[in-house]
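Listing of query-v9.cif; format and content: mmCIF, C-alpha atoms and all ligand atoms.
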data_protein
#
loop_
_atom_site.group_PDB
_atom_site.id
_atom_site.type_symbol
_atom_site.label_atom_id
_atom_site.label_comp_id
_atom_site.auth_asym_id
_atom_site.auth_seq_id
_atom_site.Cartn_x
_atom_site.Cartn_y
_atom_site.Cartn_z
ATOM 1 C CA MET A 862 -4.960 23.888 145.196
ATOM 2 C CA SER A 863 -1.420 22.490 144.926
ATOM 3 C CA THR A 864 1.393 24.652 146.294
ATOM 4 C CA THR A 865 3.906 23.128 143.865
ATOM 5 C CA PRO A 866 4.424 25.735 141.145
ATOM 6 C CA ALA A 867 3.151 24.819 137.704
ATOM 7 C CA LEU A 868 6.392 26.066 136.157
ATOM 8 C CA GLU A 869 9.784 27.104 137.506
ATOM 9 C CA LEU A 870 12.449 28.531 135.246
ATOM 10 C CA GLN A 871 15.943 29.148 136.594
ATOM 11 C CA GLY A 872 18.568 30.822 134.449
ATOM 12 C CA LEU A 873 16.764 29.804 131.268
ATOM 13 C CA THR A 874 18.967 30.908 128.387
ATOM 14 C CA LYS A 875 18.755 30.409 124.639
ATOM 15 C CA ARG A 876 21.485 31.455 122.253
ATOM 16 C CA TYR A 877 21.458 31.267 118.491
ATOM 17 C CA GLY A 878 25.166 31.548 117.662
ATOM 18 C CA ASN A 879 26.303 34.852 119.176
ATOM 19 C CA PHE A 880 22.755 36.123 119.566
ATOM 20 C CA THR A 881 21.033 35.667 122.918
ATOM 21 C CA ALA A 882 17.269 35.265 122.423
ATOM 22 C CA LEU A 883 16.583 34.536 126.087
ATOM 23 C CA GLN A 884 18.907 35.674 128.837
ATOM 24 C CA SER A 885 18.953 33.852 132.177
ATOM 25 C CA MET A 886 15.230 33.942 132.797
ATOM 26 C CA ASP A 887 14.026 33.192 136.328
ATOM 27 C CA LEU A 888 10.275 32.823 136.630
ATOM 28 C CA THR A 889 7.802 30.936 138.785
ATOM 29 C CA ILE A 890 4.241 30.370 137.602
ATOM 30 C CA ARG A 891 1.842 29.455 140.398
ATOM 31 C CA ALA A 892 -0.552 26.570 139.914
ATOM 32 C CA GLY A 893 -3.959 27.892 138.883
ATOM 33 C CA GLU A 894 -2.954 31.397 137.868
ATOM 34 C CA ILE A 895 -3.266 33.205 134.552
ATOM 35 C CA PHE A 896 0.111 34.702 133.743
ATOM 36 C CA ALA A 897 0.648 37.065 130.830
ATOM 37 C CA LEU A 898 4.081 37.532 129.275
ATOM 38 C CA LEU A 899 3.944 40.927 127.634
ATOM 39 C CA GLY A 900 6.516 42.148 125.136
ATOM 40 C CA PRO A 901 7.144 43.413 121.629
ATOM 41 C CA ASN A 902 8.131 41.438 118.509
ATOM 42 C CA GLY A 903 11.309 39.465 118.980
ATOM 43 C CA ALA A 904 11.331 39.835 122.782
ATOM 44 C CA GLY A 905 11.781 36.095 123.392
ATOM 45 C CA LYS A 906 8.221 35.055 124.302
ATOM 46 C CA THR A 907 7.950 32.200 121.790
ATOM 47 C CA THR A 908 11.497 31.106 122.634
ATOM 48 C CA MET A 909 10.506 30.736 126.287
ATOM 49 C CA ILE A 910 7.426 28.701 125.397
ATOM 50 C CA GLY A 911 9.338 26.611 122.855
ATOM 51 C CA SER A 912 12.024 25.805 125.438
ATOM 52 C CA VAL A 913 9.424 24.506 127.888
ATOM 53 C CA CYS A 914 7.466 22.614 125.238
ATOM 54 C CA GLY A 915 10.533 20.928 123.762
ATOM 55 C CA LEU A 916 10.475 22.757 120.438
ATOM 56 C CA VAL A 917 13.604 24.780 121.194
ATOM 57 C CA LYS A 918 16.755 23.308 122.750
ATOM 58 C CA LYS A 919 17.735 25.537 125.647
ATOM 59 C CA SER A 920 21.382 26.623 125.986
ATOM 60 C CA ALA A 921 21.361 26.748 129.793
ATOM 61 C CA GLY A 922 19.112 26.757 132.830
ATOM 62 C CA THR A 923 16.569 24.466 134.430
ATOM 63 C CA ILE A 924 12.875 23.986 133.734
ATOM 64 C CA ARG A 925 10.542 22.328 136.236
ATOM 65 C CA VAL A 926 6.946 21.495 135.410
ATOM 66 C CA PHE A 927 4.829 20.694 138.478
ATOM 67 C CA GLY A 928 8.076 20.082 140.365
ATOM 68 C CA LYS A 929 9.671 17.763 137.780
ATOM 69 C CA ASP A 930 12.940 18.713 136.096
ATOM 70 C CA LEU A 931 12.627 18.362 132.322
ATOM 71 C CA ASP A 932 16.306 17.378 132.081
ATOM 72 C CA ARG A 933 15.556 14.303 134.212
ATOM 73 C CA ASP A 934 12.127 13.397 132.869
ATOM 74 C CA SER A 935 11.500 14.955 129.488
ATOM 75 C CA VAL A 936 8.299 13.061 128.649
ATOM 76 C CA GLY A 937 6.093 12.769 131.756
ATOM 77 C CA PRO A 938 5.918 16.487 132.638
ATOM 78 C CA ARG A 939 5.395 17.443 129.000
ATOM 79 C CA TYR A 940 2.183 15.402 128.973
ATOM 80 C CA GLU A 941 0.895 17.941 131.517
ATOM 81 C CA ILE A 942 1.421 20.747 128.987
ATOM 82 C CA GLY A 943 -0.819 22.010 126.208
ATOM 83 C CA LEU A 944 0.422 24.458 123.590
ATOM 84 C CA VAL A 945 -1.703 26.760 121.464
ATOM 85 C CA PRO A 946 0.858 27.954 118.900
ATOM 86 C CA GLN A 947 0.707 31.182 116.927
ATOM 87 C CA GLU A 948 0.503 29.361 113.650
ATOM 88 C CA ILE A 949 -1.803 26.675 112.276
ATOM 89 C CA ASN A 950 -0.190 23.297 112.888
ATOM 90 C CA PHE A 951 -2.753 20.819 111.648
ATOM 91 C CA ASP A 952 -2.883 18.937 108.368
ATOM 92 C CA PRO A 953 -5.405 20.441 105.925
ATOM 93 C CA PHE A 954 -6.283 16.977 104.601
ATOM 94 C CA PHE A 955 -7.516 15.565 107.909
ATOM 95 C CA SER A 956 -10.922 16.100 109.430
ATOM 96 C CA VAL A 957 -11.348 18.019 112.670
ATOM 97 C CA ALA A 958 -11.932 14.796 114.630
ATOM 98 C CA GLU A 959 -8.945 13.068 112.984
ATOM 99 C CA SER A 960 -6.700 15.963 114.018
ATOM 100 C CA LEU A 961 -7.767 15.482 117.609
ATOM 101 C CA ARG A 962 -7.347 11.683 117.441
ATOM 102 C CA ILE A 963 -3.796 12.178 116.143
ATOM 103 C CA GLN A 964 -3.123 14.598 118.967
ATOM 104 C CA LEU A 965 -4.330 12.062 121.558
ATOM 105 C CA GLY A 966 -2.024 9.476 119.975
ATOM 106 C CA TYR A 967 0.860 11.936 120.125
ATOM 107 C CA TYR A 968 0.312 12.215 123.888
ATOM 108 C CA GLY A 969 0.030 8.437 124.293
ATOM 109 C CA ARG A 970 -3.669 8.609 125.150
ATOM 110 C CA PRO A 971 -6.388 6.282 123.859
ATOM 111 C CA ARG A 972 -8.823 7.501 121.191
ATOM 112 C CA ASP A 973 -11.417 8.845 123.573
ATOM 113 C CA GLU A 974 -14.343 9.882 121.375
ATOM 114 C CA ALA A 975 -16.284 11.214 124.373
ATOM 115 C CA ARG A 976 -13.381 13.543 125.215
ATOM 116 C CA ILE A 977 -13.181 14.673 121.568
ATOM 117 C CA ASP A 978 -16.910 15.462 121.581
ATOM 118 C CA GLU A 979 -16.557 17.276 124.896
ATOM 119 C CA VAL A 980 -13.743 19.540 123.747
ATOM 120 C CA LEU A 981 -15.400 20.253 120.377
ATOM 121 C CA THR A 982 -18.648 21.187 122.128
ATOM 122 C CA ALA A 983 -16.822 23.454 124.580
ATOM 123 C CA LEU A 984 -15.242 25.290 121.641
ATOM 124 C CA ASN A 985 -18.429 25.371 119.604
ATOM 125 C CA LEU A 986 -16.949 23.165 116.875
ATOM 126 C CA HIS A 987 -19.112 20.062 117.334
ATOM 127 C CA THR A 988 -20.993 20.643 114.065
ATOM 128 C CA LYS A 989 -17.623 20.611 112.250
ATOM 129 C CA LYS A 990 -16.399 17.319 113.685
ATOM 130 C CA ASP A 991 -16.227 15.592 110.285
ATOM 131 C CA ALA A 992 -15.291 18.681 108.236
ATOM 132 C CA MET A 993 -11.865 18.881 106.608
ATOM 133 C CA THR A 994 -9.711 21.306 108.532
ATOM 134 C CA ARG A 995 -8.902 23.222 105.343
ATOM 135 C CA ALA A 996 -12.617 24.057 105.021
ATOM 136 C CA LEU A 997 -12.802 25.838 108.385
ATOM 137 C CA SER A 998 -12.997 29.613 108.707
ATOM 138 C CA GLY A 999 -10.063 31.456 110.289
ATOM 139 C CA GLY A 1000 -11.906 31.714 113.606
ATOM 140 C CA MET A 1001 -12.768 28.018 113.575
ATOM 141 C CA LYS A 1002 -9.134 27.156 112.833
ATOM 142 C CA ARG A 1003 -8.121 29.247 115.822
ATOM 143 C CA ARG A 1004 -10.598 27.337 118.012
ATOM 144 C CA LEU A 1005 -9.356 24.002 116.649
ATOM 145 C CA LEU A 1006 -5.816 24.989 117.671
ATOM 146 C CA ILE A 1007 -7.148 25.391 121.204
ATOM 147 C CA ALA A 1008 -9.098 22.101 121.038
ATOM 148 C CA LYS A 1009 -5.906 20.328 119.934
ATOM 149 C CA ALA A 1010 -3.971 21.816 122.825
ATOM 150 C CA LEU A 1011 -6.610 20.763 125.356
ATOM 151 C CA VAL A 1012 -7.822 17.372 124.205
ATOM 152 C CA HIS A 1013 -5.356 15.462 126.416
ATOM 153 C CA LYS A 1014 -6.438 17.496 129.489
ATOM 154 C CA PRO A 1015 -3.190 19.359 130.237
ATOM 155 C CA ARG A 1016 -2.841 21.114 133.596
ATOM 156 C CA LEU A 1017 -0.579 23.859 132.187
ATOM 157 C CA VAL A 1018 -1.560 25.574 128.944
ATOM 158 C CA PHE A 1019 0.529 28.007 126.897
ATOM 159 C CA LEU A 1020 -1.250 30.311 124.493
ATOM 160 C CA ASP A 1021 1.190 32.064 122.176
ATOM 161 C CA GLU A 1022 -0.448 35.330 121.107
ATOM 162 C CA PRO A 1023 -3.887 33.737 120.987
ATOM 163 C CA THR A 1024 -5.687 36.807 119.684
ATOM 164 C CA ALA A 1025 -3.164 38.208 117.209
ATOM 165 C CA GLY A 1026 -5.074 39.073 114.050
ATOM 166 C CA VAL A 1027 -8.519 37.968 115.254
ATOM 167 C CA ASP A 1028 -11.643 40.140 115.193
ATOM 168 C CA VAL A 1029 -13.183 41.724 118.273
ATOM 169 C CA GLU A 1030 -15.925 39.114 118.638
ATOM 170 C CA LEU A 1031 -13.578 36.135 118.480
ATOM 171 C CA ARG A 1032 -11.177 37.895 120.820
ATOM 172 C CA ARG A 1033 -14.001 38.193 123.413
ATOM 173 C CA ASP A 1034 -14.911 34.510 122.897
ATOM 174 C CA LEU A 1035 -11.299 33.428 123.358
ATOM 175 C CA TRP A 1036 -10.923 35.565 126.468
ATOM 176 C CA ASN A 1037 -14.076 34.015 127.941
ATOM 177 C CA TYR A 1038 -12.783 30.567 127.145
ATOM 178 C CA VAL A 1039 -9.438 31.276 128.830
ATOM 179 C CA ARG A 1040 -11.275 32.491 131.944
ATOM 180 C CA LYS A 1041 -13.409 29.337 131.958
ATOM 181 C CA LEU A 1042 -10.325 27.117 131.685
ATOM 182 C CA ALA A 1043 -8.669 28.949 134.554
ATOM 183 C CA ALA A 1044 -11.846 28.657 136.657
ATOM 184 C CA GLU A 1045 -11.616 24.881 136.145
ATOM 185 C CA GLY A 1046 -8.116 24.930 137.672
ATOM 186 C CA THR A 1047 -5.924 25.004 134.548
ATOM 187 C CA THR A 1048 -2.788 27.114 134.804
ATOM 188 C CA ILE A 1049 -2.519 29.492 131.864
ATOM 189 C CA VAL A 1050 0.535 31.242 130.442
ATOM 190 C CA LEU A 1051 -0.248 33.521 127.538
ATOM 191 C CA THR A 1052 1.950 35.802 125.514
ATOM 192 C CA THR A 1053 0.708 39.033 124.112
ATOM 193 C CA HIS A 1054 1.682 42.411 122.670
ATOM 194 C CA TYR A 1055 -1.376 44.026 124.214
ATOM 195 C CA LEU A 1056 -1.500 45.471 127.720
ATOM 196 C CA GLU A 1057 -5.283 45.403 127.334
ATOM 197 C CA GLU A 1058 -5.224 41.622 126.984
ATOM 198 C CA ALA A 1059 -2.967 41.190 130.007
ATOM 199 C CA GLU A 1060 -5.226 43.561 131.926
ATOM 200 C CA GLU A 1061 -8.377 41.624 130.956
ATOM 201 C CA LEU A 1062 -7.091 38.162 131.752
ATOM 202 C CA ALA A 1063 -4.005 37.937 133.891
ATOM 203 C CA ASP A 1064 -3.460 37.626 137.621
ATOM 204 C CA ARG A 1065 0.210 38.555 137.121
ATOM 205 C CA VAL A 1066 2.129 40.044 134.242
ATOM 206 C CA GLY A 1067 5.775 39.665 133.216
ATOM 207 C CA ILE A 1068 7.378 42.191 130.914
ATOM 208 C CA ILE A 1069 10.026 40.904 128.554
ATOM 209 C CA ASN A 1070 12.188 42.789 126.082
ATOM 210 C CA GLU A 1071 15.287 41.768 124.130
ATOM 211 C CA GLY A 1072 15.397 38.394 125.850
ATOM 212 C CA LYS A 1073 15.316 39.809 129.381
ATOM 213 C CA LEU A 1074 12.486 39.496 131.850
ATOM 214 C CA LEU A 1075 12.357 43.064 133.117
ATOM 215 C CA MET A 1076 9.733 42.691 135.832
ATOM 216 C CA VAL A 1077 6.933 40.537 137.158
ATOM 217 C CA GLU A 1078 4.069 42.225 138.953
ATOM 218 C CA ASP A 1079 0.532 41.510 139.908
ATOM 219 C CA LYS A 1080 -1.696 43.267 137.457
ATOM 220 C CA ALA A 1081 -2.909 46.044 139.747
ATOM 221 C CA THR A 1082 0.642 47.022 140.711
ATOM 222 C CA LEU A 1083 1.762 47.020 137.096
ATOM 223 C CA LEU A 1084 -1.059 49.301 136.034
ATOM 224 C CA ARG A 1085 -0.355 51.665 138.944
ATOM 225 C CA ARG A 1086 3.345 51.749 138.088
ATOM 226 C CA PHE A 1087 2.984 52.480 134.421
ATOM 227 C CA GLY A 1088 -0.348 54.166 134.097
ATOM 228 C CA GLU A 1089 -2.914 53.102 131.530
ATOM 229 C CA ARG A 1090 -1.544 51.866 128.172
ATOM 230 C CA ARG A 1091 1.893 53.521 128.494
ATOM 231 C CA VAL A 1092 3.730 50.203 128.315
ATOM 232 C CA VAL A 1093 2.229 49.454 124.926
ATOM 233 C CA VAL A 1094 2.990 52.958 123.666
ATOM 234 C CA THR A 1095 6.633 52.436 124.679
ATOM 235 C CA PHE A 1096 6.833 49.147 122.766
ATOM 236 C CA GLU A 1097 5.276 50.605 119.655
ATOM 237 C CA GLN A 1098 7.733 53.471 119.287
HETATM 238 P P1 LIG A 1101 6.831 37.831 118.344
HETATM 239 O O1 LIG A 1101 5.990 38.655 119.253
HETATM 240 O O2 LIG A 1101 7.218 38.540 117.092
HETATM 241 O O3 LIG A 1101 6.277 36.450 118.108
HETATM 242 P P2 LIG A 1101 8.683 36.797 120.354
HETATM 243 O O4 LIG A 1101 8.729 37.632 121.581
HETATM 244 O O5 LIG A 1101 7.873 35.547 120.423
HETATM 245 O O6 LIG A 1101 8.251 37.672 119.103
HETATM 246 P P3 LIG A 1101 10.852 35.065 119.595
HETATM 247 O O7 LIG A 1101 10.134 34.417 118.453
HETATM 248 O O8 LIG A 1101 11.031 34.275 120.834
HETATM 249 O O9 LIG A 1101 10.187 36.455 119.962
HETATM 250 O O10 LIG A 1101 12.283 35.513 119.039
HETATM 251 C C1 LIG A 1101 13.262 36.055 119.913
HETATM 252 C C2 LIG A 1101 14.482 36.373 119.091
HETATM 253 O O11 LIG A 1101 15.117 35.160 118.685
HETATM 254 C C3 LIG A 1101 14.181 37.149 117.819
HETATM 255 O O12 LIG A 1101 15.183 38.138 117.618
HETATM 256 C C4 LIG A 1101 14.259 36.095 116.740
HETATM 257 O O13 LIG A 1101 14.667 36.648 115.497
HETATM 258 C C5 LIG A 1101 15.309 35.153 117.280
HETATM 259 N N1 LIG A 1101 15.140 33.790 116.799
HETATM 260 C C6 LIG A 1101 14.043 33.009 116.969
HETATM 261 N N2 LIG A 1101 14.219 31.809 116.408
HETATM 262 C C7 LIG A 1101 15.449 31.826 115.826
HETATM 263 C C8 LIG A 1101 16.217 30.891 115.085
HETATM 264 N N3 LIG A 1101 15.758 29.680 114.809
HETATM 265 N N4 LIG A 1101 17.447 31.271 114.668
HETATM 266 C C9 LIG A 1101 17.940 32.500 114.951
HETATM 267 N N5 LIG A 1101 17.274 33.435 115.667
HETATM 268 C C10 LIG A 1101 16.044 33.109 116.093
#
Represent the supplied structure as structure tokens.
Ligand code: ATP
Amino acid sequence: MSTTPALELQGLTKRYGNFTALQSMDLTIRAGEIFALLGPNGAGKTTMIGSVCGLVKKSAGTIRVFGKDLDRDSVGPRYEIGLVPQEINFDPFFSVAESLRIQLGYYGRPRDEARIDEVLTALNLHTKKDAMTRALSGGMKRRLLIAKALVHKPRLVFLDEPTAGVDVELRRDLWNYVRKLAAEGTTIVLTTHYLEEAEELADRVGIINEGKLLMVEDKATLLRRFGERRVVVTFEQ
């Protein structure tokens, strides 16, 4: 496995006017790991992801993806990234397959029908290939978001609160899918409010609050330090 980190953030800062949403974040994500960024509402998790994915313009700091500085090469490294956003981002009037074809075009890739079939099968959506996206159930929409993020074979995948608002069964399915992706060598960064989710999936966990990365620990150390569930209890007060 490559020793070049999948992601290196140095001094990453985002300000909205006088408000600092992300304050000088330093973080290295190792290639091949599952990293969970754990924090309450408004902590800055989506801002971090958006800065890396080009959806948010950073105020300061450097971002390297597989060793490449995004300020110097803003397109190439981003093709290595897949983003599963919190919210549905596909057009309700396209079919499932059309959504994936558009996504491939967006990443400058040819319309690879075999790849589309492969990703739909992996996410158990192959029977819905020609269905309109608006006709999918909530769980299917969630899986299509993942298919969209993966169809161009990214090496680094961000999942922004992938299981917020999903039922227990789908949560298990999504967790299993994340583990499978990681076993295939994909680097995963997921954000979550739930210590349980970080505990289930992550190799290392970062805790963020009010725009500051408070600590990064391997999972076992974190659980020893805080004791079961106490981090979540603190956030919920
Ligand atoms: P959640 O768990 O609720 O999704 P989060 O940790 O992802 O929260 P962010 O969405 O990154 O948090 O928001 C961090 C802070 O930045 C919040 O206080 C939010 O209100 C603020 N913020 C986000 N986007 C903007 C914007 N466009 N303009 C002003 N403030 C913003």
Tell me which of A:Leu1011, A:Val913, A:Met1001, A:Ile963 sits closest to Glu979 of chain A, counting all atoms listed in the file. A:Leu1011
Using all atoms listed in the file, which of the listed residues (A:Leu1051, A:Ala1081, A:Ile942, A:Leu1006) sits closest to ligand LIG 1101 (chain A)? A:Leu1051
Could you please extract the residues within 12 Å of ligand LIG 1101 (chain A), counting only C-alpha atoms and all ligand atoms, and hand them back as an NGL selection string? :A and (874-884 or 898-912 or 916-919 or 946-948 or 1020-1025 or 1051-1055 or 1068-1074 or 1096-1097)
Expressed in Å to a single decimal, how great is the separation between atom CA of Arg1065 of chain A and atom CA of Asp934 of chain A? 28.2 Å
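Put simply, atom CA of Val957 of chain A is 18.9 Å away from atom CA of Gly969 of chain A.
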Kindly give the distance, in Å, that separates atom CA of Thr865 of chain A and atom CA of Leu944 of chain A, rounded to a single decimal. 20.6 Å
Nearest candidate to Ala867 of chain A (options A:Gly915, A:Gly922, A:Gly928, A:Pro953; using only C-alpha atoms): A:Gly928
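Of the listed residues A:Gly937, A:Gly1046, A:Pro866, A:Gly943, the one whose atoms come nearest to Ala1010 of chain A is A:Gly943, with distances taken using all atoms listed in the file.
Counting only C-alpha atoms and comparing A:Arg1085, A:Lys1014, A:Lys1009, A:Arg1032, the residue that lies closest to Glu1061 of chain A is A:Arg1032.
For Gly1000 of chain A, the non-local neighbours within 12 Å, defined as residues at least 5 positions apart in the same chain or in other chains and counting all atoms listed in the file, are Ile949, Leu984, Asn985, Leu986, Thr994, Leu1005, Leu1006, Ile1007, Pro1023, Thr1024, Ala1025, Gly1026, Val1027, Asp1028, Val1029, Glu1030, Leu1031, Arg1032, Arg1033, Asp1034 and Leu1035 of chain A.
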Using only C-alpha atoms, the best pick from A:Thr1048, A:Val926, A:Gly999, A:Ile977 as closest to His1013 of chain A would be A:Ile977
Any chance you could work out the residue set of the PyMOL selection byres (((chain A and resi 893) around 9) and not hetatm) here, as a VMD selection string? chain A and resid 862 to 863 866 to 867 890 to 892 894 to 895 1016 to 1017 1043 to 1049
Please rebuild segment 1010-1029 of chain A with N, CA and C atoms and give the result as a short mmCIF file (atom, residue, chain, number, x, y, z; two decimals), keeping the file's coordinate frame.
data_model
loop_
_atom_site.label_atom_id
_atom_site.label_comp_id
_atom_site.auth_asym_id
_atom_site.auth_seq_id
_atom_site.Cartn_x
_atom_site.Cartn_y
_atom_site.Cartn_z
N ALA A 1010 -4.85 21.64 121.65
CA ALA A 1010 -3.97 21.82 122.82
C ALA A 1010 -4.59 21.24 124.09
N LEU A 1011 -5.93 21.13 124.11
CA LEU A 1011 -6.61 20.76 125.36
C LEU A 1011 -7.09 19.33 125.41
N VAL A 1012 -7.10 18.65 124.26
CA VAL A 1012 -7.82 17.37 124.20
C VAL A 1012 -7.24 16.33 125.18
N HIS A 1013 -5.95 16.43 125.49
CA HIS A 1013 -5.36 15.46 126.42
C HIS A 1013 -5.41 15.93 127.87
N LYS A 1014 -6.21 16.97 128.13
CA LYS A 1014 -6.44 17.50 129.49
C LYS A 1014 -5.15 17.94 130.19
N PRO A 1015 -4.40 18.86 129.58
CA PRO A 1015 -3.19 19.36 130.24
C PRO A 1015 -3.54 20.23 131.44
N ARG A 1016 -2.62 20.26 132.41
CA ARG A 1016 -2.84 21.11 133.60
C ARG A 1016 -2.20 22.49 133.43
N LEU A 1017 -1.28 22.60 132.45
CA LEU A 1017 -0.58 23.86 132.19
C LEU A 1017 -0.71 24.14 130.70
N VAL A 1018 -1.31 25.28 130.36
CA VAL A 1018 -1.56 25.57 128.94
C VAL A 1018 -0.87 26.88 128.55
N PHE A 1019 -0.10 26.82 127.48
CA PHE A 1019 0.53 28.01 126.90
C PHE A 1019 -0.28 28.46 125.70
N LEU A 1020 -0.59 29.74 125.67
CA LEU A 1020 -1.25 30.31 124.49
C LEU A 1020 -0.33 31.39 123.95
N ASP A 1021 0.22 31.14 122.75
CA ASP A 1021 1.19 32.06 122.18
C ASP A 1021 0.45 33.07 121.29
N GLU A 1022 0.29 34.26 121.80
CA GLU A 1022 -0.45 35.33 121.11
C GLU A 1022 -1.78 34.82 120.54
N PRO A 1023 -2.66 34.40 121.44
CA PRO A 1023 -3.89 33.74 120.99
C PRO A 1023 -4.82 34.63 120.19
N THR A 1024 -4.71 35.94 120.36
CA THR A 1024 -5.69 36.81 119.68
C THR A 1024 -5.05 37.71 118.63
N ALA A 1025 -3.80 37.40 118.26
CA ALA A 1025 -3.16 38.21 117.21
C ALA A 1025 -3.95 38.03 115.92
N GLY A 1026 -4.41 39.12 115.34
CA GLY A 1026 -5.07 39.07 114.05
C GLY A 1026 -6.50 38.55 114.08
N VAL A 1027 -7.12 38.44 115.25
CA VAL A 1027 -8.52 37.97 115.25
C VAL A 1027 -9.45 39.16 115.49
N ASP A 1028 -10.72 39.01 115.05
CA ASP A 1028 -11.64 40.14 115.19
C ASP A 1028 -12.13 40.27 116.64
N VAL A 1029 -12.82 41.37 116.89
CA VAL A 1029 -13.18 41.72 118.27
C VAL A 1029 -14.06 40.65 118.90
#
